[in-house]
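A.B. asks: Supplied structure: entry_23.tsv, TSV, C-alpha atoms.
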```tsv
chain	number	residue	atom	x	y	z
A	1	MET	CA	72.08	106.33	130.49
A	2	SER	CA	72.81	103.03	132.08
A	3	ALA	CA	70.20	100.84	133.71
A	4	LYS	CA	72.28	100.80	136.86
A	5	ARG	CA	72.12	104.58	137.05
A	6	TRP	CA	68.35	104.53	136.51
A	7	ALA	CA	67.92	101.88	139.18
A	8	GLU	CA	70.01	103.86	141.66
A	9	SER	CA	68.02	107.00	140.97
A	10	ILE	CA	64.63	105.31	141.32
A	11	LEU	CA	65.45	103.06	144.26
A	12	LEU	CA	67.80	105.24	146.31
A	13	GLN	CA	68.36	108.83	145.28
A	14	SER	CA	64.77	109.88	144.57
A	15	PRO	CA	63.27	108.23	147.68
A	16	PHE	CA	66.08	109.65	149.81
A	17	ARG	CA	65.49	113.11	148.38
A	18	VAL	CA	61.73	113.02	148.88
A	19	ILE	CA	61.80	111.44	152.35
A	20	LEU	CA	64.64	113.54	153.78
A	21	GLY	CA	63.54	116.74	152.07
A	22	GLY	CA	59.91	116.09	152.99
A	23	ALA	CA	60.76	115.43	156.64
A	24	PHE	CA	62.69	118.67	156.90
A	25	ALA	CA	60.11	120.70	154.97
A	26	TYR	CA	57.39	119.34	157.26
A	27	ALA	CA	59.46	120.02	160.39
A	28	ALA	CA	60.12	123.54	159.12
A	29	PHE	CA	56.42	124.10	158.39
A	30	MET	CA	55.52	123.09	161.96
A	31	LYS	CA	58.18	125.37	163.45
A	32	ILE	CA	57.37	128.34	161.21
A	33	GLY	CA	53.77	128.05	162.39
A	34	ASN	CA	54.90	128.60	165.97
A	35	VAL	CA	58.26	130.35	166.11
A	36	GLN	CA	57.55	131.33	169.70
A	37	ALA	CA	57.42	127.70	170.86
A	38	PHE	CA	60.61	126.92	168.91
A	39	ALA	CA	62.39	129.87	170.56
A	40	PHE	CA	61.41	128.48	173.96
A	41	ALA	CA	62.63	125.04	172.84
A	42	ILE	CA	66.05	126.46	171.88
A	43	LYS	CA	66.19	128.24	175.22
A	44	GLY	CA	65.27	124.96	176.94
A	45	PHE	CA	68.37	123.25	175.52
A	46	LYS	CA	70.43	125.65	177.67
A	47	ILE	CA	73.28	125.85	175.17
A	48	LEU	CA	73.23	129.65	175.25
A	49	ASP	CA	72.52	131.88	178.23
A	50	PRO	CA	69.07	133.33	177.41
A	51	VAL	CA	69.82	136.58	179.27
A	52	LYS	CA	73.09	137.31	177.47
A	53	HIS	CA	72.14	135.86	174.08
A	54	GLU	CA	68.42	136.56	173.87
A	55	GLN	CA	68.59	138.10	170.38
A	56	LEU	CA	70.81	135.29	169.08
A	57	ILE	CA	68.32	132.66	170.26
A	58	ILE	CA	65.41	134.56	168.73
A	59	SER	CA	67.34	134.96	165.45
A	60	ALA	CA	68.06	131.23	165.43
A	61	ALA	CA	64.37	130.51	166.04
A	62	TYR	CA	63.49	132.47	162.91
A	63	THR	CA	66.39	131.31	160.74
A	64	ILE	CA	66.68	127.55	161.41
A	65	PRO	CA	63.15	126.65	160.21
A	66	TRP	CA	63.54	128.68	157.03
A	67	VAL	CA	66.93	127.11	156.26
A	68	GLU	CA	65.27	123.72	156.78
A	69	MET	CA	62.43	124.73	154.49
A	70	VAL	CA	64.69	126.03	151.69
A	71	ALA	CA	66.99	123.00	151.86
A	72	GLY	CA	64.08	120.57	152.14
A	73	VAL	CA	62.26	121.96	149.11
A	74	LEU	CA	65.47	122.08	147.05
A	75	LEU	CA	66.17	118.47	147.98
A	76	ILE	CA	62.70	117.31	146.94
A	77	LEU	CA	63.08	119.09	143.62
A	78	GLY	CA	66.61	117.83	143.15
A	79	LEU	CA	67.90	121.37	142.62
A	80	ARG	CA	71.39	121.97	144.02
A	81	THR	CA	70.95	118.55	145.60
A	82	ARG	CA	74.46	118.20	146.99
A	83	ALA	CA	74.34	121.62	148.65
A	84	ALA	CA	70.87	121.00	150.09
A	85	ALA	CA	71.87	117.57	151.41
A	86	ALA	CA	75.08	119.01	152.86
A	87	ALA	CA	73.14	121.81	154.58
A	88	LEU	CA	70.71	119.31	156.09
A	89	GLY	CA	73.57	116.99	157.07
A	90	LEU	CA	75.34	119.83	158.86
A	91	MET	CA	72.11	120.78	160.62
A	92	LEU	CA	71.64	117.17	161.72
A	93	LEU	CA	75.15	117.18	163.20
A	94	VAL	CA	74.35	120.39	165.11
A	95	PHE	CA	71.05	118.90	166.30
A	96	ILE	CA	72.80	115.72	167.48
A	97	ALA	CA	75.37	117.81	169.39
A	98	GLY	CA	72.52	119.75	171.02
A	99	LEU	CA	70.67	116.55	171.94
A	100	LEU	CA	73.82	115.02	173.46
A	101	HIS	CA	74.36	118.22	175.46
A	102	VAL	CA	70.90	117.76	177.01
A	103	ILE	CA	71.24	113.99	177.49
A	104	PHE	CA	74.57	114.26	179.32
A	105	ASP	CA	73.39	117.08	181.59
A	106	PRO	CA	70.80	115.57	183.92
A	107	SER	CA	69.77	119.01	185.20
A	108	ILE	CA	68.29	119.86	181.78
A	109	GLU	CA	64.86	118.57	180.92
A	110	ALA	CA	64.19	119.79	177.40
A	111	ASP	CA	61.43	119.35	174.90
A	112	CYS	CA	62.79	118.44	171.45
A	113	SER	CA	60.32	120.46	169.33
A	114	CYS	CA	62.00	118.76	166.37
A	115	PHE	CA	58.69	118.63	164.48
A	116	GLY	CA	56.93	121.42	166.38
A	117	ASP	CA	54.30	119.91	168.68
A	118	MET	CA	54.11	116.69	166.60
A	119	ASN	CA	55.95	113.62	167.78
A	120	ILE	CA	57.32	111.48	164.97
A	121	VAL	CA	58.89	108.14	165.97
A	122	CYS	CA	60.11	109.54	169.31
A	123	SER	CA	58.36	111.25	172.23
A	124	SER	CA	58.74	114.98	172.74
A	125	LYS	CA	61.24	114.70	175.60
A	126	VAL	CA	64.86	114.70	174.50
A	127	GLY	CA	66.48	111.27	174.68
A	128	TRP	CA	68.54	108.73	172.75
A	129	CYS	CA	65.61	108.09	170.40
A	130	GLN	CA	66.05	111.51	168.79
A	131	VAL	CA	69.82	110.95	168.45
A	132	ILE	CA	69.25	107.64	166.68
A	133	ARG	CA	66.56	109.20	164.47
A	134	ASP	CA	68.95	112.00	163.45
A	135	LEU	CA	71.77	109.51	162.82
A	136	VAL	CA	69.46	107.49	160.57
A	137	MET	CA	68.54	110.67	158.70
A	138	LEU	CA	72.22	111.46	158.31
A	139	ILE	CA	72.70	108.35	156.12
A	140	PRO	CA	70.65	109.58	153.14
A	141	ALA	CA	72.11	113.08	153.55
A	142	ILE	CA	75.65	111.74	153.25
A	143	TYR	CA	74.65	109.45	150.36
A	144	LEU	CA	73.11	112.36	148.43
A	145	VAL	CA	76.17	114.55	148.98
A	146	TRP	CA	78.29	111.71	147.64
A	147	ARG	CA	76.15	110.58	144.70
A	148	GLY	CA	74.05	113.62	143.85
A	149	GLY	CA	70.33	113.76	143.15
A	150	GLY	CA	70.17	111.14	140.40
A	151	ILE	CA	68.65	111.15	136.95
A	152	LEU	CA	65.22	112.33	138.12
A	153	ALA	CA	66.63	115.43	139.81
A	154	ILE	CA	66.35	118.86	138.18
A	155	ASP	CA	70.14	119.13	138.51
A	156	THR	CA	70.51	116.50	135.80
A	157	LEU	CA	68.27	118.44	133.42
A	158	ILE	CA	70.01	121.77	133.82
A	159	GLU	CA	73.64	120.80	134.32
A	160	PRO	CA	75.84	121.56	131.30
A	161	LYS	CA	76.31	118.60	128.97
A	162	ALA	CA	79.86	117.29	129.08
A	163	SER	CA	81.32	116.60	125.69
A	164	PRO	CA	82.37	112.94	125.95
A	165	LYS	CA	79.54	110.41	125.94
A	166	GLY	CA	79.01	108.98	129.39
A	167	ALA	CA	80.14	112.01	131.34
A	168	ILE	CA	76.63	112.48	132.74
A	169	ASP	CA	75.75	108.90	133.45
A	170	GLY	CA	79.02	108.24	135.18
A	171	SER	CA	80.28	105.65	132.74
A	172	TYR	CA	82.84	108.05	131.34
A	173	SER	CA	86.47	107.24	131.68
A	174	PRO	CA	89.32	108.31	129.44
A	175	SER	CA	89.83	104.72	128.29
A	176	LYS	CA	86.23	104.55	127.02
A	177	VAL	CA	86.34	107.68	124.84
A	178	ASP	CA	85.06	106.94	121.43
A	179	GLU	CA	86.91	108.68	118.61
A	180	SER	CA	83.60	109.54	116.94
A	181	ASP	CA	82.55	111.50	120.07
A	182	ILE	CA	85.67	113.61	119.91
A	183	ARG	CA	85.23	114.28	116.18
A	184	ALA	CA	81.58	115.26	116.78
B	1	MET	CA	85.41	122.16	142.00
B	2	LYS	CA	82.48	120.06	143.19
B	3	VAL	CA	83.34	120.87	146.82
B	4	LEU	CA	83.45	124.60	146.09
B	5	HIS	CA	80.13	124.37	144.23
B	6	THR	CA	78.56	122.53	147.17
B	7	THR	CA	80.00	124.95	149.74
B	8	THR	CA	78.70	128.01	147.92
B	9	GLY	CA	75.35	126.27	147.61
B	10	VAL	CA	75.22	125.63	151.37
B	11	LEU	CA	76.05	129.28	152.06
B	12	ALA	CA	73.37	130.39	149.59
B	13	ILE	CA	70.78	128.18	151.32
B	14	VAL	CA	71.70	129.55	154.75
B	15	GLY	CA	71.57	133.09	153.36
B	16	LEU	CA	68.15	132.50	151.79
B	17	GLY	CA	66.89	131.00	155.06
B	18	TYR	CA	68.18	133.99	157.00
B	19	ILE	CA	66.53	136.48	154.64
B	20	ALA	CA	63.26	134.54	154.84
B	21	GLY	CA	63.57	134.50	158.65
B	22	VAL	CA	64.09	138.28	158.76
B	23	GLY	CA	61.05	138.72	156.52
B	24	HIS	CA	59.06	136.44	158.79
B	25	ALA	CA	60.11	138.45	161.86
B	26	LEU	CA	59.00	141.67	160.17
B	27	VAL	CA	55.50	140.42	159.31
B	28	ARG	CA	54.87	138.60	162.61
B	29	GLU	CA	52.28	140.39	164.74
B	30	LYS	CA	53.64	139.59	168.20
B	31	PRO	CA	57.39	139.69	168.84
B	32	VAL	CA	59.05	136.46	169.91
B	33	ILE	CA	60.07	136.60	173.54
B	34	LEU	CA	62.11	134.37	175.82
B	35	GLY	CA	60.50	135.49	179.08
B	36	VAL	CA	63.83	136.30	180.69
B	37	SER	CA	63.42	140.03	181.17
B	38	SER	CA	60.29	140.11	183.36
B	39	PRO	CA	60.97	139.21	186.99
B	40	ALA	CA	58.59	136.93	188.85
B	41	SER	CA	55.93	138.95	190.63
B	42	THR	CA	54.72	136.54	193.27
B	43	PRO	CA	55.51	136.78	196.94
B	44	LYS	CA	57.58	134.02	198.42
B	45	ASP	CA	57.77	134.99	202.04
B	46	SER	CA	54.98	133.21	203.88
B	47	SER	CA	54.57	136.20	206.18
B	48	GLU	CA	53.40	138.30	203.22
B	49	SER	CA	49.78	138.29	202.17
B	50	VAL	CA	48.53	137.45	198.70
B	51	THR	CA	45.81	139.61	197.20
B	52	ILE	CA	43.72	137.80	194.67
B	53	ASN	CA	41.20	139.33	192.34
B	54	THR	CA	38.84	136.40	192.27
B	55	PRO	CA	37.64	135.50	188.80
B	56	THR	CA	34.26	134.17	189.89
B	57	GLY	CA	32.33	137.41	189.72
B	58	ILE	CA	33.20	138.73	193.17
B	59	ASP	CA	33.90	142.43	192.81
B	60	GLU	CA	35.95	142.98	195.93
B	61	PRO	CA	39.42	141.49	196.03
B	62	VAL	CA	39.84	138.88	198.72
B	63	GLU	CA	42.69	139.31	201.13
B	64	ILE	CA	44.27	136.04	202.06
B	65	GLU	CA	46.49	136.09	205.06
B	66	THR	CA	49.39	133.71	204.96
B	67	PRO	CA	50.37	131.32	206.38
B	68	ILE	CA	47.11	129.83	205.21
B	69	GLY	CA	45.00	127.72	207.53
B	70	GLU	CA	44.81	124.01	208.00
B	71	PRO	CA	44.41	121.67	205.02
B	72	THR	CA	40.85	121.12	203.92
B	73	GLN	CA	41.28	117.41	203.41
B	74	ASP	CA	41.36	115.25	206.50
B	75	PRO	CA	44.20	112.77	206.80
B	76	PRO	CA	43.32	109.09	207.43
B	77	GLN	CA	41.90	108.44	210.91
B	78	ASP	CA	43.33	104.99	211.66
B	79	SER	CA	44.74	106.04	214.99
B	80	ALA	CA	45.53	109.27	216.76
B	81	GLN	CA	49.28	108.79	216.36
B	82	GLU	CA	49.08	107.95	212.67
B	83	SER	CA	46.73	110.83	212.17
B	84	ALA	CA	49.13	113.26	213.81
B	85	HIS	CA	51.98	111.87	211.75
B	86	ASP	CA	50.00	112.13	208.53
B	87	ASN	CA	48.93	115.62	209.41
B	88	GLN	CA	52.56	116.58	209.99
B	89	ASP	CA	53.53	115.00	206.68
B	90	PHE	CA	50.68	116.78	204.92
B	91	ASN	CA	51.72	120.13	206.34
B	92	ALA	CA	55.32	119.48	205.37
B	93	ARG	CA	54.18	118.89	201.79
B	94	LEU	CA	52.13	122.09	201.79
B	95	ASP	CA	55.03	124.15	203.07
B	96	ALA	CA	57.79	122.51	201.02
B	97	PRO	CA	60.36	125.11	199.97
B	98	VAL	CA	59.95	126.62	196.50
B	99	PRO	CA	62.16	128.84	194.32
B	100	ASP	CA	62.06	132.58	194.92
B	101	GLY	CA	58.96	134.34	193.68
B	102	MET	CA	56.84	131.21	193.39
B	103	LEU	CA	53.84	129.97	195.35
B	104	THR	CA	54.13	127.21	197.92
B	105	LEU	CA	51.68	124.35	197.63
B	106	ARG	CA	49.72	125.80	200.55
B	107	GLN	CA	49.43	129.21	198.88
B	108	ALA	CA	48.50	127.65	195.54
B	109	HIS	CA	45.87	125.44	197.16
B	110	GLN	CA	44.36	128.42	198.97
B	111	MET	CA	44.20	130.30	195.68
B	112	TRP	CA	42.50	127.30	194.10
B	113	ILE	CA	39.91	127.33	196.89
B	114	ASP	CA	39.39	131.06	196.43
B	115	GLY	CA	38.65	130.76	192.75
B	116	ALA	CA	41.92	131.42	190.95
B	117	TYR	CA	42.27	129.92	187.49
B	118	PHE	CA	44.88	127.23	187.08
B	119	VAL	CA	46.91	126.65	183.92
B	120	ASP	CA	48.81	123.44	183.20
B	121	SER	CA	51.93	124.05	181.09
B	122	ARG	CA	53.37	120.54	180.98
B	123	LEU	CA	53.40	118.21	177.98
B	124	ARG	CA	50.03	117.26	176.50
B	125	GLU	CA	50.43	113.59	177.48
B	126	GLU	CA	51.19	114.60	181.06
B	127	TYR	CA	48.07	116.79	181.18
B	128	ASP	CA	45.95	113.99	179.75
B	129	ALA	CA	47.28	111.56	182.36
B	130	GLY	CA	46.02	113.83	185.16
B	131	HIS	CA	45.98	117.49	186.07
B	132	ILE	CA	44.82	119.84	188.81
B	133	SER	CA	41.06	119.90	188.82
B	134	LEU	CA	39.65	122.63	186.54
B	135	ALA	CA	43.09	123.50	185.14
B	136	ALA	CA	43.22	124.71	181.56
B	137	TYR	CA	45.92	123.46	179.20
B	138	LEU	CA	48.01	126.33	177.86
B	139	THR	CA	51.58	126.14	176.64
B	140	ALA	CA	53.76	127.94	174.11
B	141	GLU	CA	52.84	125.15	171.68
B	142	ASN	CA	49.08	125.60	171.75
B	143	MET	CA	48.64	129.23	172.82
B	144	PHE	CA	48.56	130.51	169.25
B	145	SER	CA	46.23	127.76	168.06
B	146	ASP	CA	42.42	127.64	168.06
B	147	GLU	CA	42.57	125.41	171.14
B	148	GLY	CA	44.74	127.90	172.99
B	149	GLU	CA	42.55	130.84	172.02
B	150	ALA	CA	39.46	128.96	173.16
B	151	GLU	CA	41.12	128.20	176.50
B	152	MET	CA	42.14	131.83	176.97
B	153	GLN	CA	38.60	133.03	176.27
B	154	THR	CA	37.50	131.17	179.39
B	155	ILE	CA	39.98	133.11	181.55
B	156	PRO	CA	39.30	136.83	182.11
B	157	PRO	CA	42.47	138.96	181.67
B	158	ASN	CA	42.13	140.44	185.17
B	159	ALA	CA	41.75	137.03	186.83
B	160	ALA	CA	44.29	135.52	189.17
B	161	VAL	CA	46.00	132.74	187.23
B	162	VAL	CA	48.27	130.12	188.76
B	163	ILE	CA	50.55	128.36	186.30
B	164	TYR	CA	52.23	125.07	187.07
B	165	CYS	CA	54.37	122.42	185.40
B	166	ILE	CA	56.66	119.80	186.91
B	167	GLY	CA	57.89	122.24	189.53
B	168	GLY	CA	61.22	123.55	190.64
B	169	GLU	CA	63.64	126.15	189.35
B	170	GLU	CA	64.27	124.20	186.15
B	171	CYS	CA	60.63	124.18	185.12
B	172	ASP	CA	60.82	126.64	182.25
B	173	ALA	CA	57.39	125.84	180.85
B	174	SER	CA	55.57	127.79	183.57
B	175	LYS	CA	57.83	130.80	183.10
B	176	ASN	CA	57.35	130.64	179.33
B	177	THR	CA	53.57	130.41	179.64
B	178	LYS	CA	53.58	133.28	182.13
B	179	ALA	CA	55.60	135.46	179.75
B	180	LEU	CA	53.19	134.70	176.91
B	181	LEU	CA	50.10	135.33	179.03
B	182	GLU	CA	51.59	138.72	179.92
B	183	GLN	CA	51.75	139.42	176.18
B	184	PHE	CA	48.04	138.63	175.97
B	185	GLY	CA	47.26	141.19	178.68
B	186	TYR	CA	47.08	138.98	181.79
B	187	THR	CA	48.43	140.80	184.79
B	188	ASP	CA	47.72	138.72	187.89
B	189	LEU	CA	49.94	135.74	187.21
B	190	TYR	CA	51.55	133.33	189.66
B	191	ILE	CA	53.75	130.29	189.32
B	192	MET	CA	53.29	127.32	191.61
B	193	GLY	CA	56.77	126.40	192.83
B	194	VAL	CA	56.04	122.71	193.19
B	195	GLY	CA	54.84	120.46	190.39
B	196	TYR	CA	51.66	118.57	189.68
B	197	GLU	CA	53.08	115.41	191.26
B	198	GLU	CA	53.42	117.16	194.63
B	199	TRP	CA	49.86	118.49	194.34
B	200	ALA	CA	48.53	115.01	193.59
B	201	ALA	CA	50.70	113.38	196.28
B	202	ALA	CA	49.18	115.73	198.87
B	203	GLY	CA	45.75	114.41	197.94
B	204	LEU	CA	44.54	117.73	196.53
B	205	PRO	CA	41.84	117.75	193.81
B	206	THR	CA	42.90	116.36	190.44
B	207	SER	CA	41.06	115.43	187.30
B	208	LEU	CA	41.43	113.45	184.09
B	209	THR	CA	38.92	115.39	182.07
B	210	GLN	CA	39.15	118.88	180.68
B	211	GLU	CA	36.82	121.31	182.42
B	212	GLU	CA	36.42	125.04	182.14
B	213	GLY	CA	36.38	127.73	184.77
B	214	SER	CA	37.65	128.19	188.26
B	215	PRO	CA	36.67	126.30	191.45
```
What do you get writing this file as C-alpha cells?
C.D. replies:
Amino acid sequence: MSAKRWAESILLQSPFRVILGGAFAYAAFMKIGNVQAFAFAIKGFKILDPVKHEQLIISAAYTIPWVEMVAGVLLILGLRTRAAAAALGLMLLVFIAGLLHVIFDPSIEADCSCFGDMNIVCSSKVGWCQVIRDLVMLIPAIYLVWRGGGILAIDTLIEPKASPKGAIDGSYSPSKVDESDIRA
Amino acid sequence: MKVLHTTTGVLAIVGLGYIAGVGHALVREKPVILGVSSPASTPKDSSESVTINTPTGIDEPVEIETPIGEPTQDPPQDSAQESAHDNQDFNARLDAPVPDGMLTLRQAHQMWIDGAYFVDSRLREEYDAGHISLAAYLTAENMFSDEGEAEMQTIPPNAAVVIYCIGGEECDASKNTKALLEQFGYTDLYIMGVGYEEWAAAGLPTSLTQEEGSP
C-alpha cells in the first residue's frame, strides 16, 4: 500500500472517524441516559405539534440517540464506514434544518440538548453556534463518505481482495495492470 | 454499486437504532411523557381563592383569599408622590396578566410567604446567576439524577409547589417539570405565569446560593 494512502489514513481518515464517531457516541450516551429530557427538547423545537404527534416525538426521542450510538460506534471501528458517515451526515443535515427552524422563528426559545445537559463549544440555547458546529462536523462526514475509512478501518481488513494489484490501495488503473498479476 | 451498498448500510443502521430504541422503551421504568395531556390545575381568576397545603408542618390547610393584600416590601420613600407612583408600579407588576391557569406574581408571592416550595426550571446557568429565595433546581435534565432525587427528597409530595421559568405561554420548562413532578406523585402543583426576571424586578426575595426548604 502506498505511503500516500497510509498518510491519508493516519492523518485524516482515522482522526475523522474517531472524533466524529466519538462525538456522536458521547452525545448518544448523554441522551440515552435521559430520554425524557431529550423528548422535551424535541418538543421544544416546535417542529411537530406535540398534541397531534405525541407518539412520533416520543419514538424519535428513543430512536435518534440509538441511531447516533450505532453509527458512532461503527464509525470509530471503521465498520461500514461509508454508511455510518452517511447516516451521521444525514442526521447533521436534519439537525441543522431543525436549528434554523428555531433561529428564524423568534417565538421559539429552545434548548439544544445536542449533548444532553452538557454544553460542548456552544451554550445550551439554540443559536448560530450550533449551526456552525454541525456544519464543521459535516466536513469529516462528507470526506469519509467520499474516501472511506482508510487502511486502519475494519472495512479494509474484511473487504474482499480484488484481483489486480493496487485495487485496494487505490493505485489500480487498467493501464497499470501487470501481466504477472493476471497470470497469478 | 458503492451507492447501493452505502444506502443499504444507512437503512440497516437506522433499523438497528430503531430496534434498540424499542428495546430501551420496553425496559424503561417510567414512560416518557410530553406533558401535553394534563391540563393546568391552577386558578387564574383573581376572584377565586387558592387553597394551599402548607409544607411547613402546619396540619390545617390555609385559605388564602385573593386578591391578596398589599405588598410586603415598602417602596422607596423619597416623596409622597414618588411613593404613590412606585406603589402603583409595584402593584401593576404583581397583577401583570398571565396565561390561563397560571399564578400571577401576587398569588405566587403570597404562596411563597405562606410556605409553598418553589422550583426553578430554567437553565442551570440562569439558576446560578440568581433565583427566587429558597427555590430548588429541578428540570427534566436533572430530575432523574442524584442531584434531582436529593432535591425532591426535600419536598414532601403533598406540599404546594410553585414552578417557574422565564415566564409566559412559551415557557415550556415549567410545564415539563410539572408533568414530571406529577409522575413522581406530587399533586399540589402550580406554575407562576411570570418569570424570574419579573419576580426580581419587583424587588421580591432572591438568592444566589442553593438553600433547602420553604420560607
A.B. asks: Work out how far apart atom CA of Lys2 of chain B and atom CA of Arg80 of chain A are and give it in Å to one decimal.
C.D. replies: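 Rounded to one decimal, the two atoms are 11.3 Å apart.
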A.B. asks: So that I can see what lies close to Gly127 of chain A, please list as a JSON list (two decimals) with C-alpha atoms, in the coordinates of the input the residues with an atom at most 12 Å from it, counting all atoms listed in the file and leaving out residues fewer than 2 positions away in the same chain.
C.D. replies:
```json
[["chain", "number", "residue", "atom", "x", "y", "z"],
["A", 96, "ILE", "CA", 72.80, 115.72, 167.48],
["A", 98, "GLY", "CA", 72.52, 119.75, 171.02],
["A", 99, "LEU", "CA", 70.67, 116.55, 171.94],
["A", 100, "LEU", "CA", 73.82, 115.02, 173.46],
["A", 101, "HIS", "CA", 74.36, 118.22, 175.46],
["A", 102, "VAL", "CA", 70.90, 117.76, 177.01],
["A", 103, "ILE", "CA", 71.24, 113.99, 177.49],
["A", 104, "PHE", "CA", 74.57, 114.26, 179.32],
["A", 105, "ASP", "CA", 73.39, 117.08, 181.59],
["A", 106, "PRO", "CA", 70.80, 115.57, 183.92],
["A", 108, "ILE", "CA", 68.29, 119.86, 181.78],
["A", 109, "GLU", "CA", 64.86, 118.57, 180.92],
["A", 110, "ALA", "CA", 64.19, 119.79, 177.40],
["A", 111, "ASP", "CA", 61.43, 119.35, 174.90],
["A", 112, "CYS", "CA", 62.79, 118.44, 171.45],
["A", 121, "VAL", "CA", 58.89, 108.14, 165.97],
["A", 122, "CYS", "CA", 60.11, 109.54, 169.31],
["A", 123, "SER", "CA", 58.36, 111.25, 172.23],
["A", 124, "SER", "CA", 58.74, 114.98, 172.74],
["A", 125, "LYS", "CA", 61.24, 114.70, 175.60],
["A", 129, "CYS", "CA", 65.61, 108.09, 170.40],
["A", 130, "GLN", "CA", 66.05, 111.51, 168.79],
["A", 131, "VAL", "CA", 69.82, 110.95, 168.45],
["A", 132, "ILE", "CA", 69.25, 107.64, 166.68],
["A", 133, "ARG", "CA", 66.56, 109.20, 164.47],
["A", 134, "ASP", "CA", 68.95, 112.00, 163.45]]
```
A.B. asks: Nearest to Ile32 of chain A among B:Asp172, B:Asp128, B:Glu147, B:Glu141, with distances taken over all atoms listed in the file: which residue is it?
C.D. replies: B:Glu141
A.B. asks: Counting only C-alpha atoms, which residues from chain B have an atom at most 10 Å from any atom of chain A, and could you show them as a PyMOL selection string?
C.D. replies: chain B and resi 2-25+28+30-37+123-125+139-145+170-173+176-177+180
A.B. asks: May I ask which of the residues A:Phe45, A:Tyr143, A:Phe24, A:Phe115 is the closest one to Leu92 of chain A, counting all atoms listed in the file?
C.D. replies: A:Phe24
A.B. asks: So which residues touch Val98 of chain B within 10 Å, counting all atoms listed in the file, skipping near sequence neighbours fewer than 4 positions away, as a CSV table (one decimal) with C-alpha atoms, in the coordinates of the input?
C.D. replies:
```
chain,number,residue,atom,x,y,z
B,44,LYS,CA,57.6,134.0,198.4
B,102,MET,CA,56.8,131.2,193.4
B,103,LEU,CA,53.8,130.0,195.4
B,104,THR,CA,54.1,127.2,197.9
B,105,LEU,CA,51.7,124.4,197.6
B,167,GLY,CA,57.9,122.2,189.5
B,168,GLY,CA,61.2,123.6,190.6
B,169,GLU,CA,63.6,126.2,189.4
B,192,MET,CA,53.3,127.3,191.6
B,193,GLY,CA,56.8,126.4,192.8
B,194,VAL,CA,56.0,122.7,193.2
```
A.B. asks: Using only C-alpha atoms for the distances, tell me which of B:Ala108, B:Leu208, B:Ala179, B:Val27 is nearest to Leu94 of chain B.
C.D. replies: B:Ala108
A.B. asks: For atom CA of Ile47 of chain A and atom CA of Gly21 of chain A, quote the distance in Å rounded to one decimal.
C.D. replies: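 Atom-to-atom, atom CA of Ile47 of chain A and atom CA of Gly21 of chain A are spaced 26.7 Å apart.
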A.B. asks: Could you check how far atom CA of Ile163 of chain B sits from atom CA of Gly185 of chain B, in Å to one decimal?
C.D. replies: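 Between these atoms lies a distance of 15.3 Å.
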